[in-house]
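Peer 1: I'd like to ask some things about the structure below.
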Amino acid sequence: MASAQGASSSPRSGLAFPGLNGVLLVGTGVLMLVNLYLIFLVAPTDAVLGEVQRVFYFHVPIAIVSFVAFFVVFVASIGYLVTRKSKWDSVAHAAAEVGVVFVSLALLTGIVWARPVWGVWWTWEPRLTTTLILWLIYVAYLMLRSYVPNKSQGALYAAGLGIIGFVDVPIVYYSVQWWRSIHPSAVVGPLADAGALEPIMQWVLFYSLAVFLLLFLYLLLERMHLRNVEDRLSALRFLSRMRR
Amino acid sequence: MRMLRPMAALVWKDLLLELRSRDIVVSALVFGFLVVVVFNFALKVSPERVAELAPGILWVAFAFAGTLAMSRAFVREREQGGLEGLLLAPVSRDAIFLGKALVSFLFMLVIEAALLPVFAILLNFTSFTLTLAGAILLATLGFATVGTLFSAIAVQTRSREVMLPVLFFPIILPVLIGAVEVTGAAVGSGPETGVVTRWLPLLAVFDAVFLVICPWIFSIIVEE
């Protein structure tokens, strides 16, 4: 039923999206090129950490964007449960997919950073552990969506998980923090030198964050548009089978 | 309370079913026992490392046996169309949820009570304290609450045997950490000061949070 609703929700919205998306695509592309220029050629090389510090300008914005994405999932899930409009479900689904991509990238760039800076690939520090758990929760979210045969039911279940998963995040964070405080680690504290960012570094970081937020917005809208098309296609298939 | 009577009826129904068939508790018990034995070989539990390893093994066994029991509880409802009947009955969804959660809680307690002595004998530790009992009660309550919600969801999916653990373990992790910490303190490994007074209330807080959220989500998302 939800698919039929989604399909009939005006074909015009499906046509309006690519226009906005085209602008976003070109704009984000240009801004991202500027971002790369700033990160690799303008930002000064870190005196202590050297070139590897430049990962920082990718890692921090990507991680922040993934948290934003899961917050969007949370809000859209509540919106879906309250209103039962398939638009909310579409937002939640798209944000979760893009969020999983971003959180995976955040973990990978974090690993690249951790090895030269901390001397280990991975440490069970609260922020890292919470991010890993986030990854697990939202991979489960996507699995759940694809494993529920009934689509409207899947949307409801996913909304439930979108809410409980997000509520769980601070609980995981604090419990891991307390767990760590009892097991002191061999690794020296995270980002000990992060307090002393030069102004230019800060500006590059903020710019990078803004660009990645735009990229997220673009991917989100593109994914929603794609889902809209998918829904319409499945509705058309259904209709053609009925006529036969 | 209007909710108590349907809850009691639901619990009684499941207990009666279980008393007659005994398939959930027995299979979960054997499985939990197996986990303990496998871990003994996998980790080479020597006497001097028991205190260090025992809490983790204990809770992995409890958690795995628990997920098995909880998923079975809902499979039975689905196979016989029981869930539809329950949802059609003029009782609140909260009562259905809390009744099922209470049944899972009781089943898990029975399984844990049976596993604990076996565990104590096999791994040679004898320190059953009131603290450990408190940890088991609180953590099991959290397990049953979250597990009931997710097994109600997982039972409607394809490959439901995989879906329950995949959904359940990331969410329940804080409870698992707390349970292992308190058990470690009770068994006598690690620094004891502050562990119990810190984690037992925290486990209670987790339970309270889950007891509020899970019935609410269940009542919204579970449709016939």
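Please note that chains go A, B, ... in the order of the structure tokens, that every chain numbers its residues from 1, and that ligands are numbered from 1 in the order shown.
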So that I can see what lies close to stretch 200-214 of chain B, please list as a PyMOL selection string the residues with an atom at most 8 Å from it, counting only C-alpha atoms and leaving out residues fewer than 5 positions away in the same chain.

Peer 2: (chain A and resi 164+171) or (chain B and resi 134-135+138-139+141-142+145-146+149+174-175+178-179+182)

Peer 1: Export C-alpha atoms of the chosen residues as a PDB file, in the first residue's frame?

Peer 2:
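So the final result, stored in part-v4.pdb, reads:
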```
ATOM      1  CA  ILE A 164      15.694   3.227  19.530  1.00  0.00           C
ATOM      2  CA  ILE A 171      23.976   5.269  26.414  1.00  0.00           C
TER       3      ILE A 171
ATOM      4  CA  GLY B 134      21.400  -8.277  41.361  1.00  0.00           C
ATOM      5  CA  ALA B 135      23.404  -7.975  38.166  1.00  0.00           C
ATOM      6  CA  LEU B 138      18.792  -6.283  36.186  1.00  0.00           C
ATOM      7  CA  ALA B 139      20.638  -7.319  33.043  1.00  0.00           C
ATOM      8  CA  LEU B 141      15.306  -7.539  32.595  1.00  0.00           C
ATOM      9  CA  GLY B 142      17.033  -5.327  30.027  1.00  0.00           C
ATOM     10  CA  THR B 145      12.690  -5.946  27.251  1.00  0.00           C
ATOM     11  CA  VAL B 146      14.828  -5.151  24.219  1.00  0.00           C
ATOM     12  CA  LEU B 149      10.692  -5.874  20.815  1.00  0.00           C
ATOM     13  CA  PRO B 174      25.607  -1.145  27.369  1.00  0.00           C
ATOM     14  CA  VAL B 175      23.705  -3.702  29.453  1.00  0.00           C
ATOM     15  CA  GLY B 178      27.502  -3.387  32.855  1.00  0.00           C
ATOM     16  CA  ALA B 179      26.669  -7.024  33.552  1.00  0.00           C
ATOM     17  CA  VAL B 182      29.587  -6.216  37.979  1.00  0.00           C
TER      18      VAL B 182
END
```

Peer 1: Could you build a table of the residues in stretch 114-210 of chain A lying no more than 9 Å from stretch 98-107 of chain A, giving for each the nearest pair of atoms and their separation in Å rounded to one decimal place, using only C-alpha atoms, ordered by chain and ascending residue number, as JSON lines?

Peer 2:
```
{"residue": "A:Leu128", "atom": "CA", "partner": "A:Leu107", "partner_atom": "CA", "distance": 7.9}
{"residue": "A:Thr131", "atom": "CA", "partner": "A:Val103", "partner_atom": "CA", "distance": 7.3}
{"residue": "A:Leu132", "atom": "CA", "partner": "A:Leu107", "partner_atom": "CA", "distance": 7.4}
{"residue": "A:Leu134", "atom": "CA", "partner": "A:Val103", "partner_atom": "CA", "distance": 7.9}
{"residue": "A:Trp135", "atom": "CA", "partner": "A:Val103", "partner_atom": "CA", "distance": 6.3}
{"residue": "A:Tyr138", "atom": "CA", "partner": "A:Val100", "partner_atom": "CA", "distance": 6.5}
{"residue": "A:Val139", "atom": "CA", "partner": "A:Val100", "partner_atom": "CA", "distance": 6.8}
{"residue": "A:Leu142", "atom": "CA", "partner": "A:Val100", "partner_atom": "CA", "distance": 8.9}
```

Peer 1: Give me, as a tab-separated table, the closest atom pair and its distance (Å, one decimal) for every residue of chain A within a cut-off of 7 Å of chain B, counting only C-alpha atoms, rows sorted by chain and rising number.

Peer 2:
```
residue	atom	partner	partner_atom	distance
A:Ile133	CA	B:Pro170	CA	5.9
A:Leu136	CA	B:Pro170	CA	6.4
A:Ile137	CA	B:Pro170	CA	6.0
A:Ala140	CA	B:Leu167	CA	5.8
A:Tyr147	CA	B:Arg158	CA	5.3
A:Val148	CA	B:Thr157	CA	4.5
A:Pro149	CA	B:Thr157	CA	6.6
A:Leu156	CA	B:Ile221	CA	5.3
A:Tyr157	CA	B:Ile221	CA	6.0
A:Gly160	CA	B:Ile217	CA	5.8
A:Gly165	CA	B:Ile171	CA	6.7
A:Asp168	CA	B:Ile171	CA	6.3
A:Ile171	CA	B:Pro174	CA	6.7
A:Val172	CA	B:Pro174	CA	5.4
A:Ser175	CA	B:Pro174	CA	5.7
```

Peer 1: Deliver the residues from the most recent selection as a file, using N, CA and C atoms, as a CSV table (one decimal), in the first residue's frame.

Peer 2:
```csv
chain,number,residue,atom,x,y,z
A,133,ILE,N,29.7,1.0,16.9
A,133,ILE,CA,28.3,0.5,17.2
A,133,ILE,C,27.3,1.2,16.3
A,136,LEU,N,27.2,-0.6,13.2
A,136,LEU,CA,26.5,-1.9,13.3
A,136,LEU,C,25.0,-1.7,13.3
A,137,ILE,N,24.5,-0.7,14.1
A,137,ILE,CA,23.1,-0.4,14.2
A,137,ILE,C,22.5,-0.1,12.9
A,140,ALA,N,22.4,-2.9,10.4
A,140,ALA,CA,21.2,-3.7,10.8
A,140,ALA,C,19.9,-3.1,10.3
A,147,TYR,N,14.9,-7.1,4.5
A,147,TYR,CA,14.5,-8.5,4.8
A,147,TYR,C,13.0,-8.5,5.2
A,148,VAL,N,12.3,-7.4,5.3
A,148,VAL,CA,10.9,-7.5,5.6
A,148,VAL,C,10.1,-7.5,4.3
A,149,PRO,N,9.4,-8.6,4.1
A,149,PRO,CA,8.7,-8.8,2.8
A,149,PRO,C,7.6,-7.7,2.5
A,156,LEU,N,7.6,0.7,9.1
A,156,LEU,CA,7.3,0.9,10.5
A,156,LEU,C,8.4,0.3,11.4
A,157,TYR,N,8.8,-0.9,11.0
A,157,TYR,CA,9.9,-1.5,11.8
A,157,TYR,C,11.1,-0.7,11.8
A,160,GLY,N,10.9,2.3,14.0
A,160,GLY,CA,11.1,1.9,15.4
A,160,GLY,C,12.6,1.8,15.7
A,165,GLY,N,17.6,3.1,18.0
A,165,GLY,CA,19.0,3.1,17.7
A,165,GLY,C,19.7,4.5,18.1
A,168,ASP,N,19.9,5.0,21.8
A,168,ASP,CA,20.9,4.1,22.4
A,168,ASP,C,22.3,4.7,22.3
A,171,ILE,N,23.8,6.3,25.4
A,171,ILE,CA,24.0,5.3,26.4
A,171,ILE,C,25.2,4.4,26.1
A,172,VAL,N,25.4,4.1,24.9
A,172,VAL,CA,26.6,3.3,24.5
A,172,VAL,C,27.9,4.2,24.8
A,175,SER,N,28.5,4.4,28.6
A,175,SER,CA,28.9,3.1,29.2
A,175,SER,C,30.3,2.7,28.8
```

Peer 1: Using only C-alpha atoms, which of A:Phe56, A:Tyr80, A:Phe70, A:Trp88 sits nearest A:Thr109?

Peer 2: A:Phe56

Peer 1: Quote the spacing between atom CA of B:Val35 and atom CA of B:Phe119 in Å to one decimal place.

Peer 2: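 So the answer is 10.4 Å.
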
Peer 1: Which residues, written as a PDB file with C-alpha atoms, in the first residue's frame, have at least one atom at most 12 Å from stretch 100-102 of chain B, with only C-alpha atoms counted and residues fewer than 6 positions away on the same chain left out?

Peer 2:
```
ATOM      1  CA  LEU B   4      -2.509  -6.987  34.934  1.00  0.00           C
ATOM      2  CA  PRO B   6      -4.385  -9.908  30.364  1.00  0.00           C
ATOM      3  CA  MET B   7      -0.691  -9.919  31.235  1.00  0.00           C
ATOM      4  CA  ALA B   8      -1.193 -12.699  33.745  1.00  0.00           C
ATOM      5  CA  ALA B   9      -3.270 -14.679  31.240  1.00  0.00           C
ATOM      6  CA  LEU B  10      -0.574 -14.300  28.599  1.00  0.00           C
ATOM      7  CA  VAL B  11       2.193 -15.350  30.987  1.00  0.00           C
ATOM      8  CA  TRP B  12       0.151 -18.307  32.172  1.00  0.00           C
ATOM      9  CA  LYS B  13      -0.543 -19.409  28.619  1.00  0.00           C
ATOM     10  CA  ASP B  14       3.150 -19.375  27.692  1.00  0.00           C
ATOM     11  CA  LEU B  15       4.236 -21.057  30.902  1.00  0.00           C
ATOM     12  CA  GLY B  66      18.609 -15.792  25.734  1.00  0.00           C
ATOM     13  CA  ALA B  69      14.802 -18.542  23.758  1.00  0.00           C
ATOM     14  CA  MET B  70      13.333 -15.163  22.811  1.00  0.00           C
ATOM     15  CA  SER B  71      13.222 -15.827  19.091  1.00  0.00           C
ATOM     16  CA  ARG B  72      11.577 -19.191  19.686  1.00  0.00           C
ATOM     17  CA  ALA B  73       8.928 -17.531  21.849  1.00  0.00           C
ATOM     18  CA  PHE B  74       7.709 -15.444  18.927  1.00  0.00           C
ATOM     19  CA  GLU B  77       3.144 -17.230  18.121  1.00  0.00           C
ATOM     20  CA  LEU B  83       0.007 -13.072  17.424  1.00  0.00           C
ATOM     21  CA  LEU B  86      -3.454 -11.476  20.567  1.00  0.00           C
ATOM     22  CA  ARG B  93      -0.624  -3.403  23.210  1.00  0.00           C
ATOM     23  CA  ASP B  94       1.388  -2.490  26.296  1.00  0.00           C
ATOM     24  CA  MET B 108      15.858 -16.542  30.804  1.00  0.00           C
ATOM     25  CA  LEU B 109      16.023 -16.590  34.604  1.00  0.00           C
ATOM     26  CA  THR B 140      18.122 -10.053  32.263  1.00  0.00           C
ATOM     27  CA  LEU B 141      15.306  -7.539  32.595  1.00  0.00           C
ATOM     28  CA  GLY B 142      17.033  -5.327  30.027  1.00  0.00           C
ATOM     29  CA  PHE B 143      17.687  -8.295  27.732  1.00  0.00           C
ATOM     30  CA  ALA B 144      14.073  -9.437  27.902  1.00  0.00           C
ATOM     31  CA  THR B 145      12.690  -5.946  27.251  1.00  0.00           C
ATOM     32  CA  VAL B 146      14.828  -5.151  24.219  1.00  0.00           C
ATOM     33  CA  GLY B 147      14.778  -8.745  23.006  1.00  0.00           C
ATOM     34  CA  THR B 148      10.990  -8.942  23.018  1.00  0.00           C
ATOM     35  CA  LEU B 149      10.692  -5.874  20.815  1.00  0.00           C
ATOM     36  CA  PHE B 150      13.272  -7.139  18.354  1.00  0.00           C
ATOM     37  CA  SER B 151      12.039 -10.699  18.242  1.00  0.00           C
ATOM     38  CA  ALA B 152       8.559  -9.372  17.467  1.00  0.00           C
ATOM     39  CA  PHE B 210      14.185   0.498  27.638  1.00  0.00           C
ATOM     40  CA  LEU B 211      11.011  -0.245  29.615  1.00  0.00           C
ATOM     41  CA  CYS B 214      10.210  -0.513  23.885  1.00  0.00           C
ATOM     42  CA  PRO B 215       6.505  -0.894  24.780  1.00  0.00           C
ATOM     43  CA  PHE B 218       5.930  -1.993  20.003  1.00  0.00           C
TER      44      PHE B 218
END
```

Peer 1: Just checking: using only C-alpha atoms, which residue out of A:Met32, A:Val169, A:Val112, A:Leu161 ends up closest to A:Ile78?

Peer 2: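 When distances to A:Ile78 are compared using only C-alpha atoms, the smallest one comes from A:Leu161.
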
Peer 1: Run DSSP on the backbone and give me the residues of chain B it puts in alpha helix (DSSP H), as a VMD selection string.

Peer 2: chain B and resid 4 to 21 23 to 43 50 to 79 82 to 88 93 to 122 130 to 154 160 to 187 195 to 221

Peer 1: Using only C-alpha atoms, determine which residues lie at most 12 Å from A:Glu51, disregarding the query and same-chain residues fewer than 5 positions distant; provide the list as a list in words.

Peer 2: Ile39, Phe40, Leu41, Ala43, Pro44, Thr45, Asp46, Phe56, Tyr57, Trp113, Pro116 and Val117 of chain A

Peer 1: Mind giving me the straight-line distance from atom CA of A:Ile62 to atom CA of A:Leu213 in Å, one decimal?

Peer 2: 8.5 Å

Peer 1: Quick one, how far is atom CA of A:Ser86 from atom CA of A:Gly27?

Peer 2: 28.8 Å
